[in-house]
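Trainee: As input, take target-v7.tsv (TSV, C-alpha atoms):
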```tsv
chain	number	residue	atom	x	y	z
A	29	MET	CA	5.37	-21.35	16.13
A	30	LEU	CA	6.47	-19.16	19.05
A	31	ALA	CA	9.94	-18.72	17.62
A	32	VAL	CA	8.65	-17.91	14.15
A	33	ALA	CA	6.15	-15.34	15.40
A	34	PHE	CA	8.79	-13.72	17.56
A	35	VAL	CA	11.17	-13.31	14.60
A	36	LEU	CA	8.48	-11.73	12.46
A	37	ILE	CA	7.37	-9.10	14.95
A	38	PRO	CA	10.19	-6.61	14.20
A	39	TRP	CA	8.54	-6.10	10.83
A	40	ILE	CA	5.57	-4.59	12.65
A	41	ALA	CA	7.76	-2.03	14.35
A	42	TRP	CA	9.38	-0.84	11.15
A	43	LEU	CA	6.22	-0.50	9.08
A	44	HIS	CA	5.67	3.16	9.94
A	45	SER	CA	8.42	4.73	11.98
A	46	ARG	CA	6.47	7.98	12.28
A	47	GLU	CA	3.44	6.35	13.81
A	48	PRO	CA	2.76	7.19	17.47
A	49	LEU	CA	4.02	3.81	18.74
A	50	SER	CA	7.77	3.67	18.97
A	51	ARG	CA	9.70	0.77	17.44
A	52	LEU	CA	11.43	0.09	20.75
A	53	GLU	CA	8.10	-0.14	22.52
A	54	LEU	CA	6.86	-2.75	20.08
A	55	THR	CA	10.03	-4.81	19.89
A	56	VAL	CA	11.28	-4.63	23.48
A	57	ASN	CA	8.73	-3.51	26.04
A	58	ARG	CA	5.95	-5.56	24.50
A	59	ARG	CA	7.89	-8.81	24.15
A	60	PRO	CA	5.72	-10.88	26.56
A	61	ALA	CA	2.62	-9.84	24.63
A	62	LEU	CA	4.32	-10.56	21.33
A	63	LEU	CA	5.08	-14.11	22.38
A	64	ALA	CA	1.46	-14.51	23.35
A	65	ALA	CA	0.49	-13.41	19.83
A	66	ALA	CA	1.52	-16.83	18.58
A	67	THR	CA	-1.67	-18.19	20.12
A	68	LEU	CA	-3.86	-15.88	18.03
A	69	THR	CA	-5.82	-17.31	15.13
A	70	ALA	CA	-7.17	-15.72	11.98
A	71	ALA	CA	-10.52	-15.34	13.73
A	72	ALA	CA	-8.91	-13.06	16.30
A	73	VAL	CA	-8.17	-10.50	13.61
A	74	LEU	CA	-11.86	-10.19	12.82
A	75	SER	CA	-12.62	-9.13	16.38
A	76	LEU	CA	-10.09	-6.30	16.39
A	77	SER	CA	-11.70	-2.89	16.04
A	78	ALA	CA	-9.29	-0.38	14.54
A	79	CYS	CA	-8.95	2.93	16.36
A	80	GLY	CA	-8.72	5.24	13.37
A	81	SER	CA	-10.86	7.96	11.89
A	82	GLY	CA	-12.85	7.90	8.71
A	83	GLY	CA	-15.87	6.00	7.44
A	84	ASP	CA	-16.62	2.36	8.16
A	85	SER	CA	-16.32	-0.19	5.37
A	86	LYS	CA	-19.98	-1.21	5.47
A	87	ASP	CA	-21.04	-1.25	1.83
A	88	LYS	CA	-18.89	-3.71	-0.05
A	89	ASP	CA	-20.54	-2.85	-3.36
A	90	SER	CA	-19.89	0.88	-3.19
A	91	ASP	CA	-16.46	0.84	-1.56
A	92	LYS	CA	-13.34	0.75	-3.69
A	93	ILE	CA	-10.00	-0.93	-3.40
A	94	ALA	CA	-7.16	1.52	-2.81
A	95	GLY	CA	-4.01	1.18	-4.90
A	96	ALA	CA	-4.98	-1.99	-6.77
A	97	ASP	CA	-3.72	-3.04	-10.20
A	98	SER	CA	-1.68	0.10	-10.77
A	99	GLY	CA	1.75	1.50	-10.15
A	100	LYS	CA	0.38	5.04	-10.16
A	101	SER	CA	-0.50	7.09	-7.12
A	102	LYS	CA	-4.15	6.50	-6.22
A	103	SER	CA	-6.35	7.03	-3.20
A	104	ALA	CA	-9.12	4.89	-4.65
A	105	SER	CA	-9.05	2.36	-7.47
A	106	PRO	CA	-11.66	0.36	-9.41
A	107	SER	CA	-14.03	-1.70	-7.30
A	108	ALA	CA	-13.36	-5.31	-6.41
A	109	SER	CA	-15.62	-6.58	-9.17
A	110	ALA	CA	-13.51	-4.70	-11.73
A	111	SER	CA	-10.26	-6.50	-10.91
A	112	GLY	CA	-10.72	-8.64	-14.01
A	113	ASP	CA	-9.61	-11.94	-12.48
A	114	GLY	CA	-13.01	-13.19	-11.39
A	115	VAL	CA	-12.11	-13.17	-7.68
A	116	ASP	CA	-14.82	-11.92	-5.33
A	117	ARG	CA	-12.78	-9.50	-3.25
A	118	PRO	CA	-13.74	-7.59	-0.10
A	119	ALA	CA	-13.68	-3.83	-0.44
A	120	ILE	CA	-10.95	-1.66	1.04
A	121	LYS	CA	-11.29	2.07	1.59
A	122	LEU	CA	-8.81	4.30	3.36
A	123	PRO	CA	-9.66	7.63	5.02
A	124	LYS	CA	-9.18	10.75	2.90
A	125	ASP	CA	-6.18	11.80	4.99
A	126	VAL	CA	-4.37	8.46	4.57
A	127	LYS	CA	-2.84	7.41	1.27
A	128	ASN	CA	-0.66	4.55	0.05
A	129	VAL	CA	1.33	5.29	-3.10
A	130	TYR	CA	2.73	2.36	-5.08
A	131	GLU	CA	5.37	2.70	-7.76
A	132	GLY	CA	6.22	0.13	-10.42
A	133	GLY	CA	2.97	-1.84	-10.52
A	134	LYS	CA	3.38	-3.10	-14.08
A	135	THR	CA	6.22	-5.45	-15.01
A	136	GLY	CA	4.89	-6.79	-18.30
A	137	ASP	CA	4.53	-10.25	-16.77
A	138	PRO	CA	0.83	-10.94	-15.96
A	139	LYS	CA	1.68	-13.26	-13.06
A	140	LYS	CA	4.08	-10.82	-11.44
A	141	ASP	CA	1.61	-7.97	-11.95
A	142	ALA	CA	-1.10	-10.00	-10.19
A	143	ILE	CA	1.27	-10.69	-7.30
A	144	LEU	CA	2.15	-6.99	-6.95
A	145	ALA	CA	-1.55	-6.09	-7.05
A	146	ASP	CA	-2.35	-8.45	-4.19
A	147	ASN	CA	0.67	-7.19	-2.28
A	148	GLU	CA	-0.81	-3.69	-2.55
A	149	ARG	CA	-4.17	-4.94	-1.35
A	150	TRP	CA	-2.57	-6.63	1.65
A	151	VAL	CA	-0.79	-3.42	2.66
A	152	ASP	CA	-3.98	-1.42	2.11
A	153	SER	CA	-5.99	-3.86	4.21
A	154	LEU	CA	-3.54	-3.54	7.10
A	155	ILE	CA	-3.52	0.27	6.97
A	156	GLU	CA	-7.31	0.26	6.73
A	157	ALA	CA	-7.51	-1.85	9.89
A	158	VAL	CA	-5.42	0.73	11.76
A	159	THR	CA	-7.01	3.90	10.42
A	160	VAL	CA	-10.68	3.01	9.83
A	161	LYS	CA	-13.00	2.37	12.76
A	162	ALA	CA	-15.09	-0.72	12.03
A	163	LYS	CA	-16.30	-3.86	13.79
A	164	ASP	CA	-14.11	-6.02	11.59
A	165	HIS	CA	-11.91	-5.80	8.51
A	166	PRO	CA	-12.52	-8.81	6.26
A	167	ALA	CA	-9.90	-7.76	3.72
A	168	LEU	CA	-7.09	-8.34	6.21
A	169	LYS	CA	-7.63	-12.08	6.54
A	170	PHE	CA	-8.43	-12.26	2.84
A	171	TYR	CA	-4.95	-11.05	1.86
A	172	ALA	CA	-2.85	-12.45	4.73
A	173	SER	CA	-2.49	-15.79	6.43
A	174	GLY	CA	-0.16	-17.66	8.78
A	175	ASP	CA	2.57	-15.65	10.49
A	176	ALA	CA	1.78	-12.48	8.53
A	177	LEU	CA	-1.80	-12.52	9.81
A	178	LEU	CA	-0.66	-13.05	13.39
A	179	SER	CA	1.80	-10.18	13.12
A	180	SER	CA	-0.92	-7.98	11.63
A	181	ALA	CA	-3.23	-8.71	14.56
A	182	GLN	CA	-0.56	-7.71	17.06
A	183	TYR	CA	0.25	-4.59	15.07
A	184	ILE	CA	-3.39	-3.45	15.13
A	185	GLN	CA	-3.70	-4.25	18.83
A	186	GLY	CA	-0.75	-1.99	19.56
A	187	PHE	CA	-2.61	0.97	18.10
A	188	GLN	CA	-5.80	0.09	19.95
A	189	GLU	CA	-4.10	-0.04	23.30
A	190	LYS	CA	-2.56	3.41	22.78
A	191	ASN	CA	-5.68	4.91	21.16
A	192	LYS	CA	-3.49	6.16	18.32
A	193	SER	CA	-3.55	6.31	14.56
A	194	PHE	CA	-1.78	8.30	11.87
A	195	VAL	CA	-2.40	10.39	8.77
A	196	GLY	CA	-0.34	11.12	5.68
A	197	THR	CA	1.14	9.42	2.64
A	198	ILE	CA	3.32	6.30	2.56
A	199	ARG	CA	5.32	5.56	-0.59
A	200	TYR	CA	6.30	2.04	-1.70
A	201	TYR	CA	8.92	1.67	-4.41
A	202	ASP	CA	11.71	-0.48	-5.90
A	203	ARG	CA	9.24	-3.34	-5.85
A	204	GLU	CA	10.37	-6.67	-7.27
A	205	VAL	CA	8.80	-10.11	-7.59
A	206	THR	CA	10.80	-13.35	-7.61
A	207	LEU	CA	8.95	-16.54	-8.53
A	208	LEU	CA	10.27	-19.25	-6.18
A	209	LYS	CA	8.16	-22.23	-7.25
A	210	PRO	CA	4.63	-22.83	-8.55
A	211	GLY	CA	2.25	-20.86	-6.34
A	212	VAL	CA	4.97	-19.27	-4.20
A	213	ALA	CA	6.89	-16.02	-4.70
A	214	ALA	CA	8.85	-13.34	-2.87
A	215	VAL	CA	8.02	-9.64	-3.02
A	216	THR	CA	10.61	-7.09	-1.95
A	217	TYR	CA	10.15	-3.34	-1.74
A	218	CYS	CA	11.10	-0.13	0.01
A	219	LYS	CA	8.92	2.08	2.18
A	220	ASP	CA	9.17	5.84	2.71
A	221	GLY	CA	7.16	7.03	5.71
A	222	THR	CA	8.53	10.57	5.93
A	223	LYS	CA	5.12	12.04	5.07
A	224	THR	CA	3.14	10.36	7.85
A	225	TYR	CA	2.19	11.97	11.15
A	226	PRO	CA	0.86	10.52	14.44
A	227	LYS	CA	-2.73	11.17	15.43
A	228	ASP	CA	-4.15	11.12	18.94
A	229	LEU	CA	-7.66	9.69	18.71
A	230	LYS	CA	-8.75	11.08	22.06
A	231	THR	CA	-8.11	14.67	21.03
A	232	GLY	CA	-8.10	14.29	17.25
A	233	LYS	CA	-4.80	16.17	17.20
A	234	VAL	CA	-2.22	15.42	14.50
A	235	ASP	CA	1.42	16.14	15.31
A	236	ARG	CA	2.92	17.55	12.12
A	237	SER	CA	6.03	18.85	13.83
A	238	ILE	CA	7.87	15.54	13.39
A	239	LYS	CA	10.66	15.70	10.82
A	240	GLY	CA	11.69	12.90	8.51
A	241	SER	CA	14.75	10.79	9.32
A	242	ALA	CA	16.60	7.67	8.23
A	243	ALA	CA	14.33	5.64	10.48
A	244	ASP	CA	11.42	6.43	8.15
A	245	TYR	CA	12.87	4.18	5.44
A	246	ALA	CA	12.55	0.41	5.52
A	247	TYR	CA	13.21	-2.55	3.24
A	248	PHE	CA	10.71	-5.42	3.17
A	249	ASN	CA	11.02	-9.03	2.09
A	250	THR	CA	7.68	-10.83	1.97
A	251	ARG	CA	6.63	-14.32	0.99
A	252	VAL	CA	3.33	-14.81	-0.84
A	253	THR	CA	1.40	-17.98	-1.64
A	254	LYS	CA	-1.45	-18.41	-4.09
A	255	ASN	CA	-4.48	-19.91	-2.36
A	256	ASP	CA	-7.35	-21.93	-3.82
A	257	LYS	CA	-9.28	-18.72	-4.56
A	258	GLY	CA	-6.50	-17.44	-6.77
A	259	VAL	CA	-5.38	-14.80	-4.26
A	260	TRP	CA	-1.69	-14.23	-3.59
A	261	GLN	CA	-1.77	-14.08	0.20
A	262	THR	CA	1.11	-12.64	2.21
A	263	THR	CA	2.26	-15.39	4.57
A	264	SER	CA	5.44	-13.98	6.14
A	265	VAL	CA	7.27	-10.67	6.34
A	266	THR	CA	10.74	-9.57	7.40
A	267	SER	CA	12.21	-6.07	7.26
A	268	THR	CA	15.28	-3.92	7.70
A	269	GLY	CA	14.83	-0.50	9.29
A	270	SER	CA	16.81	2.61	8.34
A	271	ALA	CA	17.57	0.75	5.11
A	272	LYS	CA	20.32	2.49	3.15
A	273	GLN	CA	19.21	0.90	-0.13
A	274	CYS	CA	15.88	2.69	0.24
A	275	MET	CA	17.25	6.21	0.80
```
Re-express the file's structure as structure tokens.
Mentor:
Amino acid sequence: MLAVAFVLIPWIAWLHSREPLSRLELTVNRRPALLAAATLTAAAVLSLSACGSGGDSKDKDSDKIAGADSGKSKSASPSASASGDGVDRPAIKLPKDVKNVYEGGKTGDPKKDAILADNERWVDSLIEAVTVKAKDHPALKFYASGDALLSSAQYIQGFQEKNKSFVGTIRYYDREVTLLKPGVAAVTYCKDGTKTYPKDLKTGKVDRSIKGSAADYAYFNTRVTKNDKGVWQTTSVTSTGSAKQCM
């Protein structure tokens, strides 16, 4: 488990290159802590309080899922009960100054579309945990498990320790689903973080002077598994930073 967790951590560092935590800090300076992350459990994620701004996700009935079931740009999508698959989903709501934009959400294959929708929800749940201050974030453990959940916990902790967050828009594109075997698939996609900016939570100041660079583009390869609730959970993630195929 230690070796697996260690290999997956670089994904954390590449998720948002314009966030206040540097990739080198996460992948090099924090290595002892990253190894310790292998001892975390799913319950540990629930105890992590994100250090972002914006409203708490307290009312599950009134909150909406961001970026679900659509390839179009959305800051808020139909509520969990409107997903149409009968799954009782926790609500996800991002701050007004944080937006995930997903391209290519409809493939024409219902199974692949469902996988892409849950991939969106997993990404949204992770960004919510970083940018929304709340006692816990139930959506995170709902859409991730195994190594991906451990990596997510460490990622969130990195922001907490630095009292940082970010604002802006992240674009996800060139998304593809490959069905590997019954109940298991791979989701690959590109990320463009050139429109995100670090935020200091002590002062509330956002640094918009940062310019986009090659480091803001990353390529992701994720593995998803359908659980007994019918949710396609992300179980592992690898990435390539400064990915030429995403520029």
Trainee: Would you work out the distance separating atom CA of Ser270 of chain A from atom CA of Val129 of chain A, expressed in Å to one decimal?
Mentor: 19.4 Å
Trainee: Counting only C-alpha atoms, select every polymer residue within 9 Å of (1.0, -5.2, -13.6) as defined in the file's coordinates, and provide the selection as a PyMOL selection string.
Mentor: chain A and resi 97-99+132-145
Trainee: In the coordinate frame of the file, compute which residues have an atom within 12 Å of (7.4, -2.9, 3.4) when using all atoms listed in the file, and state them as a ChimeraX atom specification.
Mentor: /A:38-45,128,130,147-148,150-152,154-155,198-204,215-221,244-251,262,264-271,274
Trainee: From the list A:Pro210, A:Gly112, A:Pro226, A:Pro166, which residue is nearest Ile238 of chain A when using all atoms listed in the file?
Mentor: A:Pro226
Trainee: With distances taken over only C-alpha atoms, which of A:Gln188, A:Ser153, A:Thr231, A:Gln273 is nearest to Phe170 of chain A?
Mentor: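 The closest residue to Phe170 of chain A is A:Ser153.
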Trainee: If you measure from atom CA of Leu207 of chain A to atom CA of Pro118 of chain A, what distance in Å do you get, rounded to one decimal?
Mentor: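 Answer for the atom CA of Leu207 of chain A to atom CA of Pro118 of chain A separation: 25.8 Å.
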Trainee: Do you have the atom CA of Thr263 of chain A-atom CA of Ser180 of chain A distance handy?
Mentor: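 So the two atoms, atom CA of Thr263 of chain A and atom CA of Ser180 of chain A, lie 10.7 Å apart.
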Trainee: I want to know what sits within 6 Å of Lys227 of chain A, based on all atoms listed in the file, with residues of the same chain fewer than 5 positions away left out; could you give that as a ChimeraX atom specification?
Mentor: /A:192-194,233-234
Trainee: So, with all atoms listed in the file as the atoms that count, which of A:Ala213, A:Leu168, A:Val158, A:Val205 lies closest to Phe187 of chain A?
Mentor: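 Of all the options, A:Val158 lies closest to Phe187 of chain A.
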